[in-house]
Amino acid sequence: QSGRANSFLVDGLDNNDLTSGTALNSFFSQQVIKEFVVLTHQFSAEFGRAGGGILNIITEQGTNQKAASAFVQGVSRQVNAPGDFLAALPRADDLDDTASRLQAGFKLGGPLRRDRGFFFVAYEHQEEDAVLPFTGIGRGGTSGGFVVAPNRDDNLFLRTDFNLGGSQFLMVRLSADDRISRGLNVLGRSTPEAGFRVDEKDVQLAASLTSILSPVLLNEARLFVGSSGFDQFASSARPGVDRPSGTFGGSNLNRQARDEERIQLVDNLPWTRG
């Protein structure tokens, strides 16, 4: 079954790429994922709009216990080796032939007021200078080579939870992601001229109010407001040339520039009998 039949949710709210329908709209760090729920059939009434599966991310929340952690991991190009294949390819004098990668982040959670209000905040930064080899013959007749493609991502997450008197619970979540990707489609026969770059920005505000109306009746209201930007640009505006020895010229995805604005309001009223 096509991936377009699936639906991606975060805390029960929409997180689908409305254009492609095949992927998450906004990225969330693994630090903020508490549960990952997969529903394959017999969805409850609150779910729908999917002929395939429902994939729902449940995010972390603060508790009465203060907790914090941080991490840094990566590798420097100074301790990397290019390998025999990359070393045999033509290179420009000003290009490094080894890759580097860095990933760092932190998370912090705890009470705003004991038993009444809680917070959880997380931040993650990723950067990579990837070395992309290619063997295709480009427009100038050079056979093979490599390019260095810088990729960056910054992700921020903030969630607050409030106990409003024992029968009502309020959650407010704010998240933002800023990502750039370079050197896409450069590999094998595809030369750098046939590649493209992508810039993405996502901001989301979500809230839910859960009210216990009686021992058998529950009301949950959810609100989502999101804004997304996706800009894709080919490395060349020239017509593309595809031949057995190599691909060069502009990508067939010469340019995509789209913005998505969405507002979602959901209200669930479960009633339990028996």
# chains A, B, ... in the order shown; residues from 1 in each chain; ligands from 1
>>> residues_around(residues="Glu124 of chain A", least_positions_apart="5", cutoff="8 Å", atoms="only C-alpha atoms", output="mmCIF file with N, CA, C and O atoms, in the first residue's frame")
data_model
loop_
_atom_site.group_PDB
_atom_site.id
_atom_site.type_symbol
_atom_site.label_atom_id
_atom_site.label_comp_id
_atom_site.auth_asym_id
_atom_site.auth_seq_id
_atom_site.Cartn_x
_atom_site.Cartn_y
_atom_site.Cartn_z
ATOM 1 N N SER A 29 12.875 16.073 17.474
ATOM 2 C CA SER A 29 14.041 15.399 18.029
ATOM 3 C C SER A 29 13.631 14.151 18.798
ATOM 4 O O SER A 29 12.561 14.096 19.409
ATOM 5 N N GLN A 103 26.537 16.659 16.397
ATOM 6 C CA GLN A 103 25.161 16.642 16.895
ATOM 7 C C GLN A 103 25.209 16.949 18.388
ATOM 8 O O GLN A 103 25.947 16.314 19.137
ATOM 9 N N ALA A 104 24.451 17.948 18.808
ATOM 10 C CA ALA A 104 24.459 18.363 20.210
ATOM 11 C C ALA A 104 23.059 18.800 20.614
ATOM 12 O O ALA A 104 22.273 19.277 19.788
ATOM 13 N N GLY A 105 22.750 18.638 21.897
ATOM 14 C CA GLY A 105 21.436 19.049 22.366
ATOM 15 C C GLY A 105 21.307 18.919 23.865
ATOM 16 O O GLY A 105 22.200 18.422 24.550
ATOM 17 N N PHE A 106 20.164 19.388 24.360
ATOM 18 C CA PHE A 106 19.877 19.270 25.787
ATOM 19 C C PHE A 106 18.369 19.195 25.974
ATOM 20 O O PHE A 106 17.580 19.556 25.090
ATOM 21 N N ASP A 154 18.310 22.933 13.116
ATOM 22 C CA ASP A 154 18.108 23.409 14.492
ATOM 23 C C ASP A 154 16.662 23.157 14.868
ATOM 24 O O ASP A 154 15.741 23.561 14.136
ATOM 25 N N ASN A 155 16.467 22.501 16.018
ATOM 26 C CA ASN A 155 15.131 22.101 16.437
ATOM 27 C C ASN A 155 14.902 22.519 17.880
ATOM 28 O O ASN A 155 15.703 22.217 18.763
ATOM 29 N N LEU A 156 13.789 23.231 18.128
ATOM 30 C CA LEU A 156 13.432 23.721 19.459
ATOM 31 C C LEU A 156 12.050 23.224 19.825
ATOM 32 O O LEU A 156 11.132 23.226 18.996
#
>>> select_by_dssp(residues="segment 68-220 of chain A", states="strand (DSSP E or B)", output="MDAnalysis selection string")
chainID A and resid 68:75 100:113 117:137 143:163 168:184 187:188 190 196:214 217:220
>>> select_by_dssp(residues="segment 52-110 of chain A", states="alpha helix (DSSP H)", output="list in words")
Gly83, Asp84, Phe85, Leu86 and Ala87 of chain A
>>> residues_around(residues="Val79 of chain A", least_positions_apart="3", cutoff="12 Å", atoms="only C-alpha atoms", output="JSON list (two decimals) with N, CA and C atoms, in the first residue's frame")
[["chain", "number", "residue", "atom", "x", "y", "z"],
["A", 74, "GLY", "N", 29.89, 13.35, 17.56],
["A", 74, "GLY", "CA", 30.27, 13.71, 16.20],
["A", 74, "GLY", "C", 31.64, 13.17, 15.86],
["A", 75, "VAL", "N", 32.13, 13.59, 14.73],
["A", 75, "VAL", "CA", 33.46, 13.16, 14.28],
["A", 75, "VAL", "C", 34.08, 14.30, 13.49],
["A", 76, "SER", "N", 35.35, 14.54, 13.71],
["A", 76, "SER", "CA", 36.09, 15.60, 13.03],
["A", 76, "SER", "C", 36.71, 15.07, 11.74],
["A", 82, "PRO", "N", 39.74, 9.42, 3.68],
["A", 82, "PRO", "CA", 38.87, 9.42, 2.51],
["A", 82, "PRO", "C", 38.61, 8.06, 1.91],
["A", 97, "ASP", "N", 38.63, 16.28, 1.52],
["A", 97, "ASP", "CA", 38.12, 14.99, 1.06],
["A", 97, "ASP", "C", 37.65, 14.10, 2.21],
["A", 98, "THR", "N", 37.48, 14.66, 3.39],
["A", 98, "THR", "CA", 36.94, 13.91, 4.53],
["A", 98, "THR", "C", 35.74, 14.66, 5.10],
["A", 99, "ALA", "N", 34.78, 13.90, 5.62],
["A", 99, "ALA", "CA", 33.55, 14.48, 6.14],
["A", 99, "ALA", "C", 33.67, 14.78, 7.63],
["A", 100, "SER", "N", 32.80, 15.66, 8.10],
["A", 100, "SER", "CA", 32.70, 15.95, 9.53],
["A", 100, "SER", "C", 31.23, 15.99, 9.92],
["A", 101, "ARG", "N", 30.97, 15.71, 11.19],
["A", 101, "ARG", "CA", 29.58, 15.65, 11.67],
["A", 101, "ARG", "C", 29.54, 16.05, 13.14]]
>>> atom_distance(atom1="atom CA of Phe120 of chain A", atom2="atom CA of Gly62 of chain A")
4.9 Å
>>> residues_around(residues="Arg262 of chain A", least_positions_apart="4", cutoff="12 Å", atoms="only C-alpha atoms", output="mmCIF file with all heavy atoms, in the first residue's frame")
data_model
loop_
_atom_site.group_PDB
_atom_site.id
_atom_site.type_symbol
_atom_site.label_atom_id
_atom_site.label_comp_id
_atom_site.auth_asym_id
_atom_site.auth_seq_id
_atom_site.Cartn_x
_atom_site.Cartn_y
_atom_site.Cartn_z
ATOM 1 N N LEU A 13 -2.582 15.357 16.759
ATOM 2 C CA LEU A 13 -2.847 16.457 15.834
ATOM 3 C C LEU A 13 -2.047 16.270 14.545
ATOM 4 O O LEU A 13 -0.980 15.668 14.530
ATOM 5 C CB LEU A 13 -2.512 17.795 16.494
ATOM 6 C CG LEU A 13 -3.444 18.190 17.639
ATOM 7 C CD1 LEU A 13 -2.834 19.299 18.483
ATOM 8 C CD2 LEU A 13 -4.801 18.637 17.094
ATOM 9 N N ASP A 14 -2.557 16.851 13.477
ATOM 10 C CA ASP A 14 -2.033 16.625 12.130
ATOM 11 C C ASP A 14 -0.575 17.061 11.985
ATOM 12 O O ASP A 14 -0.186 18.154 12.411
ATOM 13 C CB ASP A 14 -2.899 17.399 11.126
ATOM 14 C CG ASP A 14 -2.464 17.145 9.704
ATOM 15 O OD1 ASP A 14 -2.465 15.983 9.287
ATOM 16 O OD2 ASP A 14 -2.129 18.117 9.010
ATOM 17 N N ASN A 15 0.247 16.177 11.393
ATOM 18 C CA ASN A 15 1.631 16.533 11.075
ATOM 19 C C ASN A 15 2.018 15.923 9.728
ATOM 20 O O ASN A 15 3.112 15.416 9.539
ATOM 21 C CB ASN A 15 2.590 16.037 12.170
ATOM 22 C CG ASN A 15 3.974 16.639 12.026
ATOM 23 O OD1 ASN A 15 4.127 17.828 11.772
ATOM 24 N ND2 ASN A 15 4.998 15.819 12.160
ATOM 25 N N ASN A 16 1.108 16.000 8.761
ATOM 26 C CA ASN A 16 1.342 15.458 7.431
ATOM 27 C C ASN A 16 1.863 16.538 6.490
ATOM 28 O O ASN A 16 1.498 17.713 6.601
ATOM 29 C CB ASN A 16 0.043 14.886 6.846
ATOM 30 C CG ASN A 16 -0.419 13.651 7.580
ATOM 31 O OD1 ASN A 16 0.140 12.581 7.419
ATOM 32 N ND2 ASN A 16 -1.451 13.810 8.411
ATOM 33 N N ASP A 17 2.725 16.134 5.582
ATOM 34 C CA ASP A 17 3.118 17.001 4.473
ATOM 35 C C ASP A 17 1.955 16.990 3.483
ATOM 36 O O ASP A 17 1.719 15.990 2.801
ATOM 37 C CB ASP A 17 4.398 16.469 3.820
ATOM 38 C CG ASP A 17 4.925 17.385 2.738
ATOM 39 O OD1 ASP A 17 4.100 17.995 2.025
ATOM 40 O OD2 ASP A 17 6.155 17.490 2.582
ATOM 41 N N LEU A 18 1.225 18.086 3.405
ATOM 42 C CA LEU A 18 -0.002 18.103 2.625
ATOM 43 C C LEU A 18 0.260 17.968 1.133
ATOM 44 O O LEU A 18 -0.612 17.508 0.388
ATOM 45 C CB LEU A 18 -0.767 19.400 2.901
ATOM 46 C CG LEU A 18 -1.239 19.608 4.345
ATOM 47 C CD1 LEU A 18 -2.018 20.914 4.464
ATOM 48 C CD2 LEU A 18 -2.093 18.441 4.814
ATOM 49 N N ASN A 25 5.530 16.333 8.351
ATOM 50 C CA ASN A 25 5.687 17.717 7.921
ATOM 51 C C ASN A 25 6.815 18.396 8.675
ATOM 52 O O ASN A 25 7.655 19.078 8.094
ATOM 53 C CB ASN A 25 4.381 18.473 8.133
ATOM 54 C CG ASN A 25 4.457 19.892 7.629
ATOM 55 O OD1 ASN A 25 4.748 20.132 6.472
ATOM 56 N ND2 ASN A 25 4.209 20.853 8.506
ATOM 57 N N ASP A 202 9.632 25.183 9.816
ATOM 58 C CA ASP A 202 8.333 24.780 10.360
ATOM 59 C C ASP A 202 8.159 25.374 11.757
ATOM 60 O O ASP A 202 9.078 25.318 12.579
ATOM 61 C CB ASP A 202 8.231 23.250 10.454
ATOM 62 C CG ASP A 202 8.327 22.570 9.110
ATOM 63 O OD1 ASP A 202 7.360 22.665 8.338
ATOM 64 O OD2 ASP A 202 9.369 21.954 8.834
ATOM 65 N N VAL A 203 6.981 25.912 12.019
ATOM 66 C CA VAL A 203 6.612 26.411 13.344
ATOM 67 C C VAL A 203 5.225 25.860 13.668
ATOM 68 O O VAL A 203 4.314 25.939 12.834
ATOM 69 C CB VAL A 203 6.603 27.954 13.408
ATOM 70 C CG1 VAL A 203 6.169 28.418 14.798
ATOM 71 C CG2 VAL A 203 7.967 28.527 13.062
ATOM 72 N N GLN A 204 5.072 25.291 14.869
ATOM 73 C CA GLN A 204 3.788 24.717 15.265
ATOM 74 C C GLN A 204 3.416 25.160 16.677
ATOM 75 O O GLN A 204 4.276 25.202 17.562
ATOM 76 C CB GLN A 204 3.850 23.188 15.227
ATOM 77 C CG GLN A 204 4.063 22.586 13.858
ATOM 78 C CD GLN A 204 3.975 21.071 13.862
ATOM 79 O OE1 GLN A 204 3.879 20.447 14.930
ATOM 80 N NE2 GLN A 204 3.998 20.453 12.693
ATOM 81 N N LEU A 205 2.143 25.464 16.860
ATOM 82 C CA LEU A 205 1.567 25.737 18.174
ATOM 83 C C LEU A 205 0.386 24.806 18.355
ATOM 84 O O LEU A 205 -0.521 24.768 17.517
ATOM 85 C CB LEU A 205 1.114 27.194 18.284
ATOM 86 C CG LEU A 205 0.378 27.579 19.578
ATOM 87 C CD1 LEU A 205 1.305 27.444 20.781
ATOM 88 C CD2 LEU A 205 -0.189 28.985 19.487
ATOM 89 N N ALA A 206 0.399 24.034 19.429
ATOM 90 C CA ALA A 206 -0.673 23.078 19.684
ATOM 91 C C ALA A 206 -1.136 23.194 21.129
ATOM 92 O O ALA A 206 -0.349 23.506 22.028
ATOM 93 C CB ALA A 206 -0.204 21.650 19.398
ATOM 94 N N LEU A 223 -6.400 22.100 19.619
ATOM 95 C CA LEU A 223 -6.220 23.179 18.647
ATOM 96 C C LEU A 223 -4.802 23.118 18.107
ATOM 97 O O LEU A 223 -3.842 22.949 18.867
ATOM 98 C CB LEU A 223 -6.470 24.540 19.302
ATOM 99 C CG LEU A 223 -6.145 25.778 18.440
ATOM 100 C CD1 LEU A 223 -7.094 25.856 17.239
ATOM 101 C CD2 LEU A 223 -6.218 27.055 19.271
ATOM 102 N N PHE A 224 -4.673 23.269 16.800
ATOM 103 C CA PHE A 224 -3.355 23.247 16.152
ATOM 104 C C PHE A 224 -3.264 24.398 15.160
ATOM 105 O O PHE A 224 -4.175 24.618 14.355
ATOM 106 C CB PHE A 224 -3.152 21.919 15.421
ATOM 107 C CG PHE A 224 -1.897 21.867 14.588
ATOM 108 C CD1 PHE A 224 -0.691 21.503 15.149
ATOM 109 C CD2 PHE A 224 -1.929 22.187 13.239
ATOM 110 C CE1 PHE A 224 0.467 21.463 14.382
ATOM 111 C CE2 PHE A 224 -0.786 22.142 12.466
ATOM 112 C CZ PHE A 224 0.419 21.786 13.049
ATOM 113 N N VAL A 225 -2.160 25.137 15.210
ATOM 114 C CA VAL A 225 -1.861 26.196 14.240
ATOM 115 C C VAL A 225 -0.432 25.967 13.771
ATOM 116 O O VAL A 225 0.493 25.881 14.591
ATOM 117 C CB VAL A 225 -2.007 27.601 14.855
ATOM 118 C CG1 VAL A 225 -1.679 28.666 13.814
ATOM 119 C CG2 VAL A 225 -3.416 27.805 15.404
ATOM 120 N N GLY A 226 -0.237 25.851 12.469
ATOM 121 C CA GLY A 226 1.094 25.562 11.953
ATOM 122 C C GLY A 226 1.413 26.346 10.704
ATOM 123 O O GLY A 226 0.519 26.710 9.927
ATOM 124 N N SER A 227 2.704 26.603 10.501
ATOM 125 C CA SER A 227 3.187 27.297 9.317
ATOM 126 C C SER A 227 4.451 26.589 8.839
ATOM 127 O O SER A 227 5.357 26.327 9.633
ATOM 128 C CB SER A 227 3.491 28.764 9.625
ATOM 129 O OG SER A 227 4.057 29.424 8.497
ATOM 130 N N SER A 228 4.500 26.271 7.539
ATOM 131 C CA SER A 228 5.631 25.545 6.979
ATOM 132 C C SER A 228 6.090 26.204 5.691
ATOM 133 O O SER A 228 5.271 26.674 4.891
ATOM 134 C CB SER A 228 5.257 24.081 6.681
ATOM 135 O OG SER A 228 4.825 23.416 7.844
ATOM 136 N N GLY A 229 7.397 26.223 5.490
ATOM 137 C CA GLY A 229 7.979 26.724 4.248
ATOM 138 C C GLY A 229 8.916 25.691 3.666
ATOM 139 O O GLY A 229 9.733 25.112 4.380
#
>>> closest_residue(among="A:Arg197, A:Arg222, A:Arg77, A:Arg116", to="Ile263 of chain A", atoms="only C-alpha atoms")
A:Arg222
>>> residues_around(residues="Met171 of chain A", least_positions_apart="2", cutoff="10 Å", atoms="only C-alpha atoms", output="ChimeraX atom specification")
/A:61,117-119,159-163,169,173,206-210,222
>>> closest_residue(among="A:Ser69, A:Ser7, A:Ser251, A:Thr191", to="Asn56 of chain A", atoms="only C-alpha atoms")
A:Ser7
>>> residues_around(residues="Asp267 of chain A", least_positions_apart="4", cutoff="8 Å", atoms="only C-alpha atoms", output="PyMOL selection string")
chain A and resi 219-222
>>> atom_distance(atom1="atom CA of Lys66 of chain A", atom2="atom CA of Asp177 of chain A")
25.5 Å
>>> residues_around(residues="Thr272 of chain A", least_positions_apart="2", cutoff="10 Å", atoms="only C-alpha atoms", output="CSV table (one decimal) with all heavy atoms, in the first residue's frame")
chain,number,residue,atom,x,y,z
A,215,PRO,N,-18.0,10.5,35.7
A,215,PRO,CA,-17.2,9.3,35.7
A,215,PRO,C,-17.3,8.5,34.3
A,215,PRO,O,-16.4,7.7,34.1
A,215,PRO,CB,-17.9,8.4,36.8
A,215,PRO,CG,-18.4,9.5,37.7
A,215,PRO,CD,-18.9,10.6,36.8
A,216,VAL,N,-18.2,8.8,33.5
A,216,VAL,CA,-18.3,8.1,32.2
A,216,VAL,C,-18.2,9.0,31.0
A,216,VAL,O,-18.3,8.5,29.9
A,216,VAL,CB,-19.7,7.3,32.1
A,216,VAL,CG1,-19.7,6.2,33.2
A,216,VAL,CG2,-20.9,8.2,32.2
A,217,LEU,N,-18.1,10.3,31.2
A,217,LEU,CA,-18.1,11.2,30.1
A,217,LEU,C,-16.8,12.1,30.2
A,217,LEU,O,-16.5,12.7,31.2
A,217,LEU,CB,-19.3,12.1,30.1
A,217,LEU,CG,-19.6,13.0,28.9
A,217,LEU,CD1,-19.8,12.1,27.7
A,217,LEU,CD2,-20.8,13.8,29.1
A,218,LEU,N,-16.1,12.2,29.0
A,218,LEU,CA,-14.9,12.9,28.9
A,218,LEU,C,-14.9,13.8,27.7
A,218,LEU,O,-15.4,13.4,26.7
A,218,LEU,CB,-13.7,11.9,28.9
A,218,LEU,CG,-12.3,12.5,28.7
A,218,LEU,CD1,-11.8,13.1,30.1
A,218,LEU,CD2,-11.3,11.4,28.3
A,269,LEU,N,-15.6,13.5,22.4
A,269,LEU,CA,-16.5,13.4,23.5
A,269,LEU,C,-16.7,11.9,23.8
A,269,LEU,O,-17.8,11.4,23.4
A,269,LEU,CB,-17.8,14.1,23.3
A,269,LEU,CG,-18.8,14.2,24.5
A,269,LEU,CD1,-18.2,15.1,25.6
A,269,LEU,CD2,-20.1,14.8,24.0
A,270,PRO,N,-15.8,11.2,24.4
A,270,PRO,CA,-16.0,9.8,24.6
A,270,PRO,C,-17.0,9.5,25.8
A,270,PRO,O,-16.9,10.2,26.8
A,270,PRO,CB,-14.5,9.3,25.1
A,270,PRO,CG,-13.6,10.4,24.6
A,270,PRO,CD,-14.4,11.6,24.7
A,274,GLY,N,-21.2,0.5,30.6
A,274,GLY,CA,-20.9,-0.8,31.0
A,274,GLY,C,-20.0,-0.9,32.2
A,274,GLY,O,-19.5,0.1,32.7
>>> atom_distance(atom1="atom CA of Arg179 of chain A", atom2="atom CA of Asp199 of chain A")
6.0 Å
>>> decode(residues="segment 183-270 of chain A", atoms="C-alpha atoms", output="PDB file, in the first residue's frame")
ATOM      1  CA  GLY A 183      24.033  18.385  -2.598  1.00  0.00           C
ATOM      2  CA  LEU A 184      20.833  16.393  -2.999  1.00  0.00           C
ATOM      3  CA  ASN A 185      20.749  13.982  -5.942  1.00  0.00           C
ATOM      4  CA  VAL A 186      24.566  14.087  -6.349  1.00  0.00           C
ATOM      5  CA  LEU A 187      25.819  10.495  -6.499  1.00  0.00           C
ATOM      6  CA  GLY A 188      26.964   7.970  -9.068  1.00  0.00           C
ATOM      7  CA  ARG A 189      26.235   9.258 -12.602  1.00  0.00           C
ATOM      8  CA  SER A 190      24.578  12.448 -11.289  1.00  0.00           C
ATOM      9  CA  THR A 191      27.067  15.334 -11.286  1.00  0.00           C
ATOM     10  CA  PRO A 192      26.818  18.385  -8.972  1.00  0.00           C
ATOM     11  CA  GLU A 193      25.166  20.410 -11.740  1.00  0.00           C
ATOM     12  CA  ALA A 194      22.231  17.969 -11.655  1.00  0.00           C
ATOM     13  CA  GLY A 195      21.763  18.338  -7.898  1.00  0.00           C
ATOM     14  CA  PHE A 196      19.564  20.643  -5.869  1.00  0.00           C
ATOM     15  CA  ARG A 197      19.199  22.166  -2.411  1.00  0.00           C
ATOM     16  CA  VAL A 198      16.278  22.394   0.023  1.00  0.00           C
ATOM     17  CA  ASP A 199      15.495  24.951   2.740  1.00  0.00           C
ATOM     18  CA  GLU A 200      12.733  24.068   5.221  1.00  0.00           C
ATOM     19  CA  LYS A 201      11.164  25.962   8.116  1.00  0.00           C
ATOM     20  CA  ASP A 202       8.333  24.780  10.360  1.00  0.00           C
ATOM     21  CA  VAL A 203       6.612  26.411  13.344  1.00  0.00           C
ATOM     22  CA  GLN A 204       3.788  24.717  15.265  1.00  0.00           C
ATOM     23  CA  LEU A 205       1.567  25.737  18.174  1.00  0.00           C
ATOM     24  CA  ALA A 206      -0.673  23.078  19.684  1.00  0.00           C
ATOM     25  CA  ALA A 207      -2.965  22.991  22.707  1.00  0.00           C
ATOM     26  CA  SER A 208      -5.393  20.520  24.256  1.00  0.00           C
ATOM     27  CA  LEU A 209      -7.912  20.839  27.077  1.00  0.00           C
ATOM     28  CA  THR A 210      -9.129  17.621  28.685  1.00  0.00           C
ATOM     29  CA  SER A 211     -12.205  17.882  30.888  1.00  0.00           C
ATOM     30  CA  ILE A 212     -13.655  15.101  33.051  1.00  0.00           C
ATOM     31  CA  LEU A 213     -17.397  15.817  32.902  1.00  0.00           C
ATOM     32  CA  SER A 214     -18.530  12.722  34.809  1.00  0.00           C
ATOM     33  CA  PRO A 215     -17.222   9.254  35.672  1.00  0.00           C
ATOM     34  CA  VAL A 216     -18.342   8.059  32.217  1.00  0.00           C
ATOM     35  CA  LEU A 217     -18.060  11.231  30.100  1.00  0.00           C
ATOM     36  CA  LEU A 218     -14.853  12.922  28.943  1.00  0.00           C
ATOM     37  CA  ASN A 219     -14.290  15.894  26.642  1.00  0.00           C
ATOM     38  CA  GLU A 220     -11.022  16.646  24.885  1.00  0.00           C
ATOM     39  CA  ALA A 221     -10.604  19.776  22.733  1.00  0.00           C
ATOM     40  CA  ARG A 222      -7.473  20.182  20.619  1.00  0.00           C
ATOM     41  CA  LEU A 223      -6.220  23.179  18.647  1.00  0.00           C
ATOM     42  CA  PHE A 224      -3.355  23.247  16.152  1.00  0.00           C
ATOM     43  CA  VAL A 225      -1.861  26.196  14.240  1.00  0.00           C
ATOM     44  CA  GLY A 226       1.094  25.562  11.953  1.00  0.00           C
ATOM     45  CA  SER A 227       3.187  27.297   9.317  1.00  0.00           C
ATOM     46  CA  SER A 228       5.631  25.545   6.979  1.00  0.00           C
ATOM     47  CA  GLY A 229       7.979  26.724   4.248  1.00  0.00           C
ATOM     48  CA  PHE A 230       9.636  24.445   1.674  1.00  0.00           C
ATOM     49  CA  ASP A 231      11.994  25.912  -0.941  1.00  0.00           C
ATOM     50  CA  GLN A 232      13.805  23.670  -3.402  1.00  0.00           C
ATOM     51  CA  PHE A 233      16.248  25.039  -5.982  1.00  0.00           C
ATOM     52  CA  ALA A 234      18.192  23.247  -8.716  1.00  0.00           C
ATOM     53  CA  SER A 235      21.937  23.827  -8.865  1.00  0.00           C
ATOM     54  CA  SER A 236      21.640  24.862 -12.533  1.00  0.00           C
ATOM     55  CA  ALA A 237      18.940  26.576 -14.572  1.00  0.00           C
ATOM     56  CA  ARG A 238      20.206  24.966 -17.785  1.00  0.00           C
ATOM     57  CA  PRO A 239      18.288  22.138 -19.483  1.00  0.00           C
ATOM     58  CA  GLY A 240      19.122  18.736 -18.076  1.00  0.00           C
ATOM     59  CA  VAL A 241      21.167  16.209 -20.041  1.00  0.00           C
ATOM     60  CA  ASP A 242      20.950  12.523 -19.149  1.00  0.00           C
ATOM     61  CA  ARG A 243      23.256  10.084 -20.920  1.00  0.00           C
ATOM     62  CA  PRO A 244      24.945   6.772 -19.961  1.00  0.00           C
ATOM     63  CA  SER A 245      28.219   8.492 -19.080  1.00  0.00           C
ATOM     64  CA  GLY A 246      26.657  11.037 -16.750  1.00  0.00           C
ATOM     65  CA  THR A 247      23.854  13.440 -15.917  1.00  0.00           C
ATOM     66  CA  PHE A 248      24.379  17.204 -15.856  1.00  0.00           C
ATOM     67  CA  GLY A 249      22.365  20.367 -16.311  1.00  0.00           C
ATOM     68  CA  GLY A 250      19.347  21.375 -14.263  1.00  0.00           C
ATOM     69  CA  SER A 251      17.290  18.935 -12.242  1.00  0.00           C
ATOM     70  CA  ASN A 252      13.792  18.124 -13.468  1.00  0.00           C
ATOM     71  CA  LEU A 253      12.716  19.459 -10.078  1.00  0.00           C
ATOM     72  CA  ASN A 254      14.060  22.865 -11.077  1.00  0.00           C
ATOM     73  CA  ARG A 255      12.221  24.805  -8.394  1.00  0.00           C
ATOM     74  CA  GLN A 256       9.563  24.197  -5.781  1.00  0.00           C
ATOM     75  CA  ALA A 257       8.602  27.016  -3.460  1.00  0.00           C
ATOM     76  CA  ARG A 258       5.567  26.377  -1.317  1.00  0.00           C
ATOM     77  CA  ASP A 259       4.100  27.543   1.968  1.00  0.00           C
ATOM     78  CA  GLU A 260       1.552  25.671   4.032  1.00  0.00           C
ATOM     79  CA  GLU A 261      -0.652  27.338   6.646  1.00  0.00           C
ATOM     80  CA  ARG A 262      -3.077  25.203   8.605  1.00  0.00           C
ATOM     81  CA  ILE A 263      -5.501  25.444  11.503  1.00  0.00           C
ATOM     82  CA  GLN A 264      -7.051  22.326  12.986  1.00  0.00           C
ATOM     83  CA  LEU A 265      -9.734  22.082  15.654  1.00  0.00           C
ATOM     84  CA  VAL A 266     -10.681  18.696  17.088  1.00  0.00           C
ATOM     85  CA  ASP A 267     -13.221  17.885  19.787  1.00  0.00           C
ATOM     86  CA  ASN A 268     -13.676  14.376  21.179  1.00  0.00           C
ATOM     87  CA  LEU A 269     -16.502  13.381  23.529  1.00  0.00           C
ATOM     88  CA  PRO A 270     -15.952   9.762  24.645  1.00  0.00           C
TER      89      PRO A 270
END
